[in-house]
$ cat input.cif   # mmCIF, C-alpha atoms
data_input
#
loop_
_atom_site.group_PDB
_atom_site.id
_atom_site.type_symbol
_atom_site.label_atom_id
_atom_site.label_comp_id
_atom_site.auth_asym_id
_atom_site.auth_seq_id
_atom_site.Cartn_x
_atom_site.Cartn_y
_atom_site.Cartn_z
ATOM 1 C CA MET P 1 0.240 -11.190 -3.007
ATOM 2 C CA ARG P 2 -0.643 -10.206 0.556
ATOM 3 C CA ARG P 3 1.458 -7.252 1.701
ATOM 4 C CA VAL P 4 2.598 -4.319 -0.403
ATOM 5 C CA VAL P 5 4.554 -1.181 0.448
ATOM 6 C CA SER P 6 4.146 1.740 -1.934
ATOM 7 C CA LEU P 7 6.752 4.484 -2.203
ATOM 8 C CA VAL P 8 4.744 6.471 -4.772
ATOM 9 C CA PRO P 9 1.574 8.416 -3.883
ATOM 10 C CA SER P 10 -0.170 7.804 -7.199
ATOM 11 C CA LEU P 11 0.606 4.069 -7.073
ATOM 12 C CA THR P 12 -0.663 4.007 -3.501
ATOM 13 C CA GLU P 13 -4.000 5.331 -4.706
ATOM 14 C CA ALA P 14 -4.050 2.878 -7.607
ATOM 15 C CA VAL P 15 -3.523 -0.105 -5.300
ATOM 16 C CA ALA P 16 -5.812 1.128 -2.511
ATOM 17 C CA VAL P 17 -8.733 1.738 -4.868
ATOM 18 C CA SER P 18 -8.199 -1.563 -6.696
ATOM 19 C CA ALA P 19 -7.517 -3.828 -3.696
ATOM 20 C CA PRO P 20 -8.354 -2.281 -0.306
ATOM 21 C CA GLY P 21 -6.325 -3.769 2.538
ATOM 22 C CA LEU P 22 -3.338 -4.825 0.444
ATOM 23 C CA LEU P 23 -1.106 -1.937 1.523
ATOM 24 C CA ALA P 24 1.102 -2.550 4.552
ATOM 25 C CA GLY P 25 3.089 0.669 4.237
ATOM 26 C CA VAL P 26 2.892 4.005 2.431
ATOM 27 C CA THR P 27 4.812 7.283 2.381
ATOM 28 C CA ASP P 28 3.981 10.431 4.311
ATOM 29 C CA TRP P 29 2.959 12.009 0.985
ATOM 30 C CA CYS P 30 0.331 9.389 0.190
ATOM 31 C CA THR P 31 -2.893 11.373 0.624
ATOM 32 C CA HIS P 32 -5.413 9.505 -1.556
ATOM 33 C CA PRO P 33 -7.680 7.847 -0.788
ATOM 34 C CA ALA P 34 -8.259 9.544 2.554
ATOM 35 C CA ASP P 35 -8.606 6.245 4.413
ATOM 36 C CA LEU P 36 -5.593 4.007 3.975
ATOM 37 C CA GLY P 37 -6.593 1.707 6.792
ATOM 38 C CA ASP P 38 -3.781 0.281 8.892
ATOM 39 C CA ALA P 39 -0.997 1.130 6.424
ATOM 40 C CA VAL P 40 2.133 2.233 8.272
ATOM 41 C CA ARG P 41 3.751 5.556 7.323
ATOM 42 C CA ILE P 42 7.350 4.835 6.389
ATOM 43 C CA GLY P 43 8.751 8.318 5.646
ATOM 44 C CA GLY P 44 8.998 10.353 2.484
ATOM 45 C CA THR P 45 9.510 9.325 -1.122
ATOM 46 C CA LYS P 46 13.099 10.578 -0.991
ATOM 47 C CA ASN P 47 13.891 9.461 2.547
ATOM 48 C CA PRO P 48 11.975 6.272 3.343
ATOM 49 C CA ASP P 49 12.785 4.351 6.510
ATOM 50 C CA VAL P 50 14.366 1.317 4.892
ATOM 51 C CA ARG P 51 14.654 -0.593 8.154
ATOM 52 C CA ARG P 52 10.968 -0.040 8.959
ATOM 53 C CA ILE P 53 9.964 -1.213 5.487
ATOM 54 C CA VAL P 54 11.987 -4.413 5.871
ATOM 55 C CA GLU P 55 10.394 -5.005 9.292
ATOM 56 C CA LEU P 56 6.959 -4.903 7.644
ATOM 57 C CA ARG P 57 8.015 -7.970 5.608
ATOM 58 C CA PRO P 58 6.260 -6.907 2.397
ATOM 59 C CA ASP P 59 5.856 -9.306 -0.494
ATOM 60 C CA LEU P 60 6.582 -6.385 -2.818
ATOM 61 C CA VAL P 61 7.692 -2.755 -2.696
ATOM 62 C CA ILE P 62 6.517 -0.623 -5.614
ATOM 63 C CA ALA P 63 8.574 2.393 -6.577
ATOM 64 C CA ASN P 64 9.360 4.797 -9.410
ATOM 65 C CA GLU P 65 12.724 5.568 -10.978
ATOM 66 C CA GLU P 66 12.121 9.318 -10.780
ATOM 67 C CA GLU P 67 10.380 9.692 -7.438
ATOM 68 C CA ASN P 68 12.561 7.329 -5.406
ATOM 69 C CA ARG P 69 16.306 7.179 -4.860
ATOM 70 C CA ALA P 70 18.275 4.326 -6.364
ATOM 71 C CA ALA P 71 20.291 3.937 -3.146
ATOM 72 C CA ASP P 72 17.162 3.271 -1.079
ATOM 73 C CA LEU P 73 15.871 0.723 -3.570
ATOM 74 C CA ALA P 74 19.253 -0.992 -3.620
ATOM 75 C CA ALA P 75 19.242 -1.175 0.199
ATOM 76 C CA LEU P 76 15.810 -2.796 0.158
ATOM 77 C CA ARG P 77 16.943 -5.374 -2.372
ATOM 78 C CA ALA P 78 20.089 -6.060 -0.358
ATOM 79 C CA ALA P 79 17.853 -6.836 2.607
ATOM 80 C CA GLY P 80 16.016 -9.433 0.540
ATOM 81 C CA THR P 81 12.954 -7.345 -0.325
ATOM 82 C CA GLU P 82 11.465 -7.588 -3.812
ATOM 83 C CA VAL P 83 11.191 -4.181 -5.490
ATOM 84 C CA LEU P 84 9.295 -3.297 -8.647
ATOM 85 C CA VAL P 85 10.400 -0.012 -10.216
ATOM 86 C CA THR P 86 8.170 1.804 -12.676
ATOM 87 C CA GLU P 87 9.238 4.255 -15.372
ATOM 88 C CA ILE P 88 6.624 6.701 -16.626
ATOM 89 C CA ARG P 89 7.351 9.415 -19.181
ATOM 90 C CA ASP P 90 4.046 9.634 -21.062
ATOM 91 C CA LEU P 91 0.429 8.495 -20.924
ATOM 92 C CA PRO P 92 0.764 5.229 -22.908
ATOM 93 C CA GLN P 93 3.677 4.164 -20.715
ATOM 94 C CA ALA P 94 1.687 5.066 -17.583
ATOM 95 C CA LEU P 95 -1.206 2.855 -18.668
ATOM 96 C CA ARG P 96 1.164 -0.026 -19.452
ATOM 97 C CA GLU P 97 2.973 0.302 -16.133
ATOM 98 C CA LEU P 98 -0.262 0.431 -14.159
ATOM 99 C CA ASP P 99 -1.321 -2.775 -15.872
ATOM 100 C CA ARG P 100 2.085 -4.318 -15.106
ATOM 101 C CA VAL P 101 1.817 -3.430 -11.403
ATOM 102 C CA LEU P 102 -1.828 -4.213 -10.752
ATOM 103 C CA VAL P 103 -2.421 -7.181 -13.038
ATOM 104 C CA GLY P 104 1.052 -8.556 -13.688
ATOM 105 C CA ALA P 105 2.700 -8.143 -10.277
ATOM 106 C CA LEU P 106 -0.252 -8.101 -7.881
ATOM 107 C CA GLY P 107 -2.441 -10.554 -9.773
ATOM 108 C CA LEU P 108 -5.550 -8.364 -9.636
ATOM 109 C CA ALA P 109 -8.336 -8.230 -12.171
ATOM 110 C CA ARG P 110 -7.868 -5.235 -14.440
ATOM 111 C CA PRO P 111 -9.658 -2.409 -12.598
ATOM 112 C CA GLY P 112 -12.541 -0.599 -14.228
ATOM 113 C CA TRP P 113 -11.018 2.808 -13.548
ATOM 114 C CA LEU P 114 -8.054 1.933 -15.764
ATOM 115 C CA ALA P 115 -10.380 1.258 -18.703
ATOM 116 C CA ASP P 116 -12.220 4.499 -17.878
ATOM 117 C CA ALA P 117 -8.928 6.408 -17.975
ATOM 118 C CA GLU P 118 -8.019 4.961 -21.365
ATOM 119 C CA ALA P 119 -11.441 5.888 -22.734
ATOM 120 C CA ALA P 120 -11.352 9.409 -21.311
ATOM 121 C CA TRP P 121 -8.014 10.204 -22.905
ATOM 122 C CA ALA P 122 -8.927 8.494 -26.187
ATOM 123 C CA ARG P 123 -11.768 10.960 -26.698
ATOM 124 C CA VAL P 124 -9.994 14.058 -25.346
ATOM 125 C CA GLU P 125 -10.315 17.221 -27.432
ATOM 126 C CA PRO P 126 -7.652 19.958 -27.375
ATOM 127 C CA VAL P 127 -8.608 23.162 -25.611
ATOM 128 C CA GLY P 128 -6.797 25.082 -28.331
ATOM 129 C CA SER P 129 -3.266 25.605 -29.546
ATOM 130 C CA LEU P 130 -1.484 27.233 -26.645
ATOM 131 C CA ARG P 131 2.190 27.973 -26.040
ATOM 132 C CA ALA P 132 3.026 27.603 -22.370
ATOM 133 C CA PHE P 133 5.638 26.975 -19.738
ATOM 134 C CA VAL P 134 4.914 24.945 -16.617
ATOM 135 C CA PRO P 135 6.706 25.840 -13.386
ATOM 136 C CA VAL P 136 6.989 23.083 -10.805
ATOM 137 C CA TRP P 137 9.062 25.048 -8.285
ATOM 138 C CA ARG P 138 10.172 28.542 -7.404
ATOM 139 C CA ARG P 139 13.231 29.834 -5.521
ATOM 140 C CA PRO P 140 14.695 28.745 -7.879
ATOM 141 C CA TRP P 141 12.216 28.623 -10.728
ATOM 142 C CA MET P 142 12.078 25.172 -12.306
ATOM 143 C CA VAL P 143 9.834 24.123 -15.191
ATOM 144 C CA LEU P 144 8.818 21.023 -17.089
ATOM 145 C CA GLY P 145 11.382 20.157 -19.756
ATOM 146 C CA ARG P 146 11.680 17.108 -21.979
ATOM 147 C CA ASP P 147 10.067 13.674 -21.629
ATOM 148 C CA THR P 148 7.660 14.314 -18.770
ATOM 149 C CA PHE P 149 4.341 12.639 -18.070
ATOM 150 C CA ALA P 150 2.712 15.976 -17.229
ATOM 151 C CA GLY P 151 4.015 17.518 -20.439
ATOM 152 C CA ASP P 152 2.505 14.687 -22.455
ATOM 153 C CA LEU P 153 -0.907 15.147 -20.823
ATOM 154 C CA LEU P 154 -0.840 18.873 -21.568
ATOM 155 C CA ALA P 155 0.162 18.242 -25.177
ATOM 156 C CA ARG P 156 -2.931 16.066 -25.604
ATOM 157 C CA LEU P 157 -4.978 19.029 -24.418
ATOM 158 C CA GLY P 158 -3.414 21.336 -26.995
ATOM 159 C CA VAL P 159 -0.796 22.949 -24.730
ATOM 160 C CA ARG P 160 2.697 23.113 -26.230
ATOM 161 C CA ASN P 161 5.434 23.314 -23.631
ATOM 162 C CA VAL P 162 8.061 25.707 -24.985
ATOM 163 C CA TYR P 163 10.750 23.941 -22.942
ATOM 164 C CA ALA P 164 9.871 20.436 -24.162
ATOM 165 C CA GLY P 165 13.049 20.410 -26.228
ATOM 166 C CA HIS P 166 15.327 21.440 -23.373
ATOM 167 C CA GLY P 167 18.188 19.097 -22.540
ATOM 168 C CA ASP P 168 17.046 18.771 -18.924
ATOM 169 C CA ARG P 169 13.787 17.255 -17.766
ATOM 170 C CA TYR P 170 13.310 19.933 -15.114
ATOM 171 C CA PRO P 171 15.469 22.894 -16.109
ATOM 172 C CA ARG P 172 16.090 25.930 -13.939
ATOM 173 C CA ILE P 173 15.047 28.994 -15.910
ATOM 174 C CA PRO P 174 15.395 32.615 -14.692
ATOM 175 C CA VAL P 175 12.014 34.225 -14.126
ATOM 176 C CA GLU P 176 12.908 37.025 -16.537
ATOM 177 C CA GLU P 177 13.436 34.478 -19.324
ATOM 178 C CA LEU P 178 10.143 32.784 -18.526
ATOM 179 C CA ALA P 179 8.253 36.076 -18.626
ATOM 180 C CA ALA P 180 9.818 36.915 -22.002
ATOM 181 C CA ALA P 181 9.169 33.496 -23.585
ATOM 182 C CA GLY P 182 6.211 34.769 -25.596
ATOM 183 C CA CYS P 183 3.706 32.264 -24.242
ATOM 184 C CA ASP P 184 -0.079 32.327 -24.261
ATOM 185 C CA VAL P 185 -0.423 30.997 -20.732
ATOM 186 C CA VAL P 186 1.560 29.863 -17.697
ATOM 187 C CA VAL P 187 0.333 26.585 -16.204
ATOM 188 C CA LEU P 188 0.735 26.501 -12.423
ATOM 189 C CA PRO P 189 0.038 23.178 -10.639
ATOM 190 C CA ASP P 190 -0.465 22.975 -6.892
ATOM 191 C CA GLU P 191 2.253 20.338 -6.477
ATOM 192 C CA PRO P 192 5.091 19.691 -5.965
ATOM 193 C CA TYR P 193 5.196 23.444 -5.271
ATOM 194 C CA ARG P 194 1.820 24.719 -4.132
ATOM 195 C CA PHE P 195 1.144 27.554 -6.555
ATOM 196 C CA THR P 196 -1.986 29.562 -5.727
ATOM 197 C CA ALA P 197 -3.753 32.654 -7.025
ATOM 198 C CA ASP P 198 -1.582 34.677 -4.625
ATOM 199 C CA ASP P 199 1.679 32.811 -5.136
ATOM 200 C CA GLY P 200 2.880 32.442 -8.732
ATOM 201 C CA PRO P 201 0.788 34.501 -11.164
ATOM 202 C CA GLU P 202 2.188 37.797 -9.851
ATOM 203 C CA ALA P 203 5.605 36.859 -11.251
ATOM 204 C CA PHE P 204 4.194 37.023 -14.798
ATOM 205 C CA PRO P 205 2.057 40.177 -15.017
ATOM 206 C CA GLY P 206 -0.158 40.297 -18.086
ATOM 207 C CA LEU P 207 0.157 36.575 -18.786
ATOM 208 C CA PRO P 208 -2.928 34.400 -18.191
ATOM 209 C CA ALA P 209 -2.323 31.822 -15.461
ATOM 210 C CA ALA P 210 -4.023 28.422 -15.381
ATOM 211 C CA LEU P 211 -4.057 27.104 -11.819
ATOM 212 C CA VAL P 212 -4.383 23.343 -12.169
ATOM 213 C CA SER P 213 -4.671 20.333 -9.880
ATOM 214 C CA GLY P 214 -1.250 18.752 -9.501
ATOM 215 C CA ARG P 215 -2.850 15.412 -8.728
ATOM 216 C CA HIS P 216 -4.653 15.442 -12.076
ATOM 217 C CA LEU P 217 -1.576 16.658 -13.942
ATOM 218 C CA THR P 218 1.149 14.501 -12.417
ATOM 219 C CA TRP P 219 -0.457 11.428 -10.799
ATOM 220 C CA TYR P 220 -0.907 8.187 -12.717
ATOM 221 C CA GLY P 221 -3.774 6.328 -11.113
ATOM 222 C CA PRO P 222 -7.551 6.597 -10.713
ATOM 223 C CA SER P 223 -7.384 10.381 -11.110
ATOM 224 C CA LEU P 224 -6.480 9.828 -14.787
ATOM 225 C CA ALA P 225 -10.120 9.065 -15.581
ATOM 226 C CA GLU P 226 -11.279 12.567 -14.646
ATOM 227 C CA ALA P 227 -8.059 14.420 -15.467
ATOM 228 C CA PRO P 228 -8.980 15.454 -19.049
ATOM 229 C CA ALA P 229 -12.124 17.256 -17.901
ATOM 230 C CA VAL P 230 -10.526 18.773 -14.792
ATOM 231 C CA LEU P 231 -7.470 20.096 -16.626
ATOM 232 C CA ALA P 232 -9.456 21.333 -19.623
ATOM 233 C CA GLU P 233 -11.770 23.307 -17.335
ATOM 234 C CA ALA P 234 -8.808 25.028 -15.643
ATOM 235 C CA LEU P 235 -7.185 25.872 -18.980
ATOM 236 C CA ARG P 236 -10.395 27.287 -20.450
ATOM 237 C CA ALA P 237 -10.938 29.404 -17.354
ATOM 238 C CA ALA P 238 -7.517 30.975 -17.842
ATOM 239 C CA VAL P 239 -7.625 31.730 -21.563
#

$ encode --input "input.cif" --output "structure tokens"
Amino acid sequence: MRRVVSLVPSLTEAVAVSAPGLLAGVTDWCTHPADLGDAVRIGGTKNPDVRRIVELRPDLVIANEEENRAADLAALRAAGTEVLVTEIRDLPQALRELDRVLVGALGLARPGWLADAEAAWARVEPVGSLRAFVPVWRRPWMVLGRDTFAGDLLARLGVRNVYAGHGDRYPRIPVEELAAAGCDVVVLPDEPYRFTADDGPEAFPGLPAALVSGRHLTWYGPSLAEAPAVLAEALRAAV
């Protein structure tokens, strides 16, 4: 495997850290690692430049069924480009899919950071037993619902998402309902919406707010190795 295009920021980091120089193209949202060499920017995760990707003549495009649009992936395949699509709903599946991409598809040796991530999560200790909701957007307010990777990570840290049983994976919930949900904490990541100390907590007066790193909560890649400690620290600081 010589040339890879990644349409997923976390997979970009996973490939770049494991095999520098393999990436021919990445999205505008691919921010880690800081130096991606000569990789061409090919647009966003939801609006990639399909023609530009095909012109790069990649051996493989790696994508995700949630982050990328099926129509774009179909257009790439129609142009003769091989596409590998990942599906990640929890931590065990993330670890399996990373192994499938890096070792199975790209033929790399299993990276040390992947073993470190497995070990870090195997020894994780819950922060407590906390009821929470987890906004990922506002205007309108949207929260984590069922079957989400981020929700699974939080559950392993002792945070129970009160909307985990909702029929939607990212339901829209009125702010008044969120404030009245009887939770111990609101978890506010800095992506995809960039919640900050001045943008988010004020909507839920009296409720502790845990401002967490979105990369450590939602990315599946090298950041997984340090995610338990980073997320636990943010949760403890809030409660």

$ resolve_selection --input "input.cif" --expression "the PyMOL selection byres ((chain P and resi 25) around 6)" --output "PyMOL selection string"
chain P and resi 5+23-24+26+39-41

$ atom_distance --input "input.cif" --atom1 "CA of Asp49 (chain P)" --atom2 "CA of Leu84 (chain P)"
17.3 Å

$ closest_residue --input "input.cif" --among "P:Arg215, P:Arg3, P:Arg194, P:Arg131" --to "Asn161 (chain P)" --atoms "all atoms listed in the file"
P:Arg131

$ atom_distance --input "input.cif" --atom1 "CA of Thr45 (chain P)" --atom2 "CA of Leu217 (chain P)"
18.5 Å

$ resolve_selection --input "input.cif" --expression "the PyMOL selection byres ((chain P and resi 182) around 10)" --output "list in words"
Arg131, Ala132, Phe133, Val162, Glu177, Leu178, Ala179, Ala180, Ala181, Cys183, Asp184, Val185 and Leu207 of chain P

$ resolve_selection --input "input.cif" --expression "the PyMOL selection byres ((chain P and resi 201) around 12)" --output "list in words"
Val134, Pro135, Arg138, Val175, Ala179, Val185, Val186, Val187, Leu188, Pro189, Phe195, Thr196, Ala197, Asp198, Asp199, Gly200, Glu202, Ala203, Phe204, Pro205, Gly206, Leu207, Pro208, Ala209, Ala210, Leu211 and Ala238 of chain P

$ residues_around --input "input.cif" --residues "Leu153 (chain P)" --least-positions-apart "5" --cutoff "9 Å" --atoms "all atoms listed in the file" --output "VMD selection string"
chain P and resid 90 to 91 121 148 159 217 to 218 227 to 228

$ closest_residue --input "input.cif" --among "P:Arg89, P:Ser129, P:Leu114, P:Arg96" --to "Arg146 (chain P)" --atoms "all atoms listed in the file"
P:Arg89

$ residues_around --input "input.cif" --residues "Ala119 (chain P)" --least-positions-apart "5" --cutoff "12 Å" --atoms "all atoms listed in the file" --output "MDAnalysis selection string"
chainID P and resid 95 112:114 124 224:228

$ residues_around --input "input.cif" --residues "Thr31 (chain P)" --least-positions-apart "3" --cutoff "10 Å" --atoms "all atoms listed in the file" --output "list in words"
Pro9, Ser10, Thr12, Glu13, Val26, Thr27, Asp28, Ala34, Asp35 and Leu36 of chain P

$ residues_near_point --input "input.cif" --point "(7.7, -2.0, -3.2)" --cutoff "7 Å" --atoms "all atoms listed in the file" --output "PyMOL selection string"
chain P and resi 4-7+60-63+82-84

$ write_last_selection --input "input.cif" --atoms "C-alpha atoms" --output "PDB file, in the frame of the given file"
ATOM      1  CA  VAL P   4       2.598  -4.319  -0.403  1.00  0.00           C
ATOM      2  CA  VAL P   5       4.554  -1.181   0.448  1.00  0.00           C
ATOM      3  CA  SER P   6       4.146   1.740  -1.934  1.00  0.00           C
ATOM      4  CA  LEU P   7       6.752   4.484  -2.203  1.00  0.00           C
ATOM      5  CA  LEU P  60       6.582  -6.385  -2.818  1.00  0.00           C
ATOM      6  CA  VAL P  61       7.692  -2.755  -2.696  1.00  0.00           C
ATOM      7  CA  ILE P  62       6.517  -0.623  -5.614  1.00  0.00           C
ATOM      8  CA  ALA P  63       8.574   2.393  -6.577  1.00  0.00           C
ATOM      9  CA  GLU P  82      11.465  -7.588  -3.812  1.00  0.00           C
ATOM     10  CA  VAL P  83      11.191  -4.181  -5.490  1.00  0.00           C
ATOM     11  CA  LEU P  84       9.295  -3.297  -8.647  1.00  0.00           C
TER      12      LEU P  84
END

$ residues_near_point --input "input.cif" --point "(11.8, 7.3, -4.6)" --cutoff "9 Å" --atoms "all atoms listed in the file" --output "PyMOL selection string"
chain P and resi 7-8+44-48+63-70+72-73

$ atom_distance --input "input.cif" --atom1 "CA of Pro171 (chain P)" --atom2 "CA of Met142 (chain P)"
5.6 Å

$ closest_residue --input "input.cif" --among "P:Ala150, P:Ile88, P:Val17, P:Ala79" --to "Arg110 (chain P)" --atoms "all atoms listed in the file"
P:Val17

$ closest_residue --input "input.cif" --among "P:Leu130, P:Arg156, P:Ala105, P:Ala16" --to "Asp38 (chain P)" --atoms "all atoms listed in the file"
P:Ala16

$ closest_residue --input "input.cif" --among "P:Trp137, P:Pro126, P:Pro20, P:Leu231" --to "Leu108 (chain P)" --atoms "all atoms listed in the file"
P:Pro20

$ axis_aligned_box --input "input.cif" --around "region 141-154 of chain P" --padding-each-side "5 Å" --output "lines of an AutoDock Vina configuration file"
center_x = 5.7
center_y = 20.6
center_z = -16.6
size_x = 23.1
size_y = 26.0
size_z = 21.7

$ decode --input "input.cif" --residues "region 39-71 of chain P" --atoms "C-alpha atoms" --output "PDB file, in the first residue's frame"
ATOM      1  CA  ALA P  39      -0.974  15.407   1.977  1.00  0.00           C
ATOM      2  CA  VAL P  40      -3.430  17.295  -0.220  1.00  0.00           C
ATOM      3  CA  ARG P  41      -6.525  18.840   1.391  1.00  0.00           C
ATOM      4  CA  ILE P  42      -9.551  17.442  -0.406  1.00  0.00           C
ATOM      5  CA  GLY P  43     -12.463  19.259   1.289  1.00  0.00           C
ATOM      6  CA  GLY P  44     -14.621  18.412   4.261  1.00  0.00           C
ATOM      7  CA  THR P  45     -15.849  15.093   5.599  1.00  0.00           C
ATOM      8  CA  LYS P  46     -19.342  15.834   4.290  1.00  0.00           C
ATOM      9  CA  ASN P  47     -18.316  17.523   1.052  1.00  0.00           C
ATOM     10  CA  PRO P  48     -15.081  15.983  -0.227  1.00  0.00           C
ATOM     11  CA  ASP P  49     -13.854  16.845  -3.710  1.00  0.00           C
ATOM     12  CA  VAL P  50     -14.441  13.471  -5.321  1.00  0.00           C
ATOM     13  CA  ARG P  51     -12.750  14.442  -8.573  1.00  0.00           C
ATOM     14  CA  ARG P  52      -9.623  15.636  -6.746  1.00  0.00           C
ATOM     15  CA  ILE P  53      -9.474  12.406  -4.749  1.00  0.00           C
ATOM     16  CA  VAL P  54      -9.673  10.314  -7.922  1.00  0.00           C
ATOM     17  CA  GLU P  55      -6.914  12.439  -9.491  1.00  0.00           C
ATOM     18  CA  LEU P  56      -4.647  11.555  -6.558  1.00  0.00           C
ATOM     19  CA  ARG P  57      -4.924   7.894  -7.647  1.00  0.00           C
ATOM     20  CA  PRO P  58      -5.009   6.460  -4.117  1.00  0.00           C
ATOM     21  CA  ASP P  59      -4.641   2.750  -3.506  1.00  0.00           C
ATOM     22  CA  LEU P  60      -7.291   3.091  -0.799  1.00  0.00           C
ATOM     23  CA  VAL P  61      -9.724   5.643   0.609  1.00  0.00           C
ATOM     24  CA  ILE P  62     -10.649   5.129   4.258  1.00  0.00           C
ATOM     25  CA  ALA P  63     -13.985   6.421   5.464  1.00  0.00           C
ATOM     26  CA  ASN P  64     -16.640   6.033   8.152  1.00  0.00           C
ATOM     27  CA  GLU P  65     -20.323   5.242   7.729  1.00  0.00           C
ATOM     28  CA  GLU P  66     -21.346   8.042  10.090  1.00  0.00           C
ATOM     29  CA  GLU P  67     -18.901  10.795   9.204  1.00  0.00           C
ATOM     30  CA  ASN P  68     -19.024  10.452   5.418  1.00  0.00           C
ATOM     31  CA  ARG P  69     -21.908  10.499   2.963  1.00  0.00           C
ATOM     32  CA  ALA P  70     -22.858   7.308   1.175  1.00  0.00           C
ATOM     33  CA  ALA P  71     -23.276   9.200  -2.114  1.00  0.00           C
TER      34      ALA P  71
END
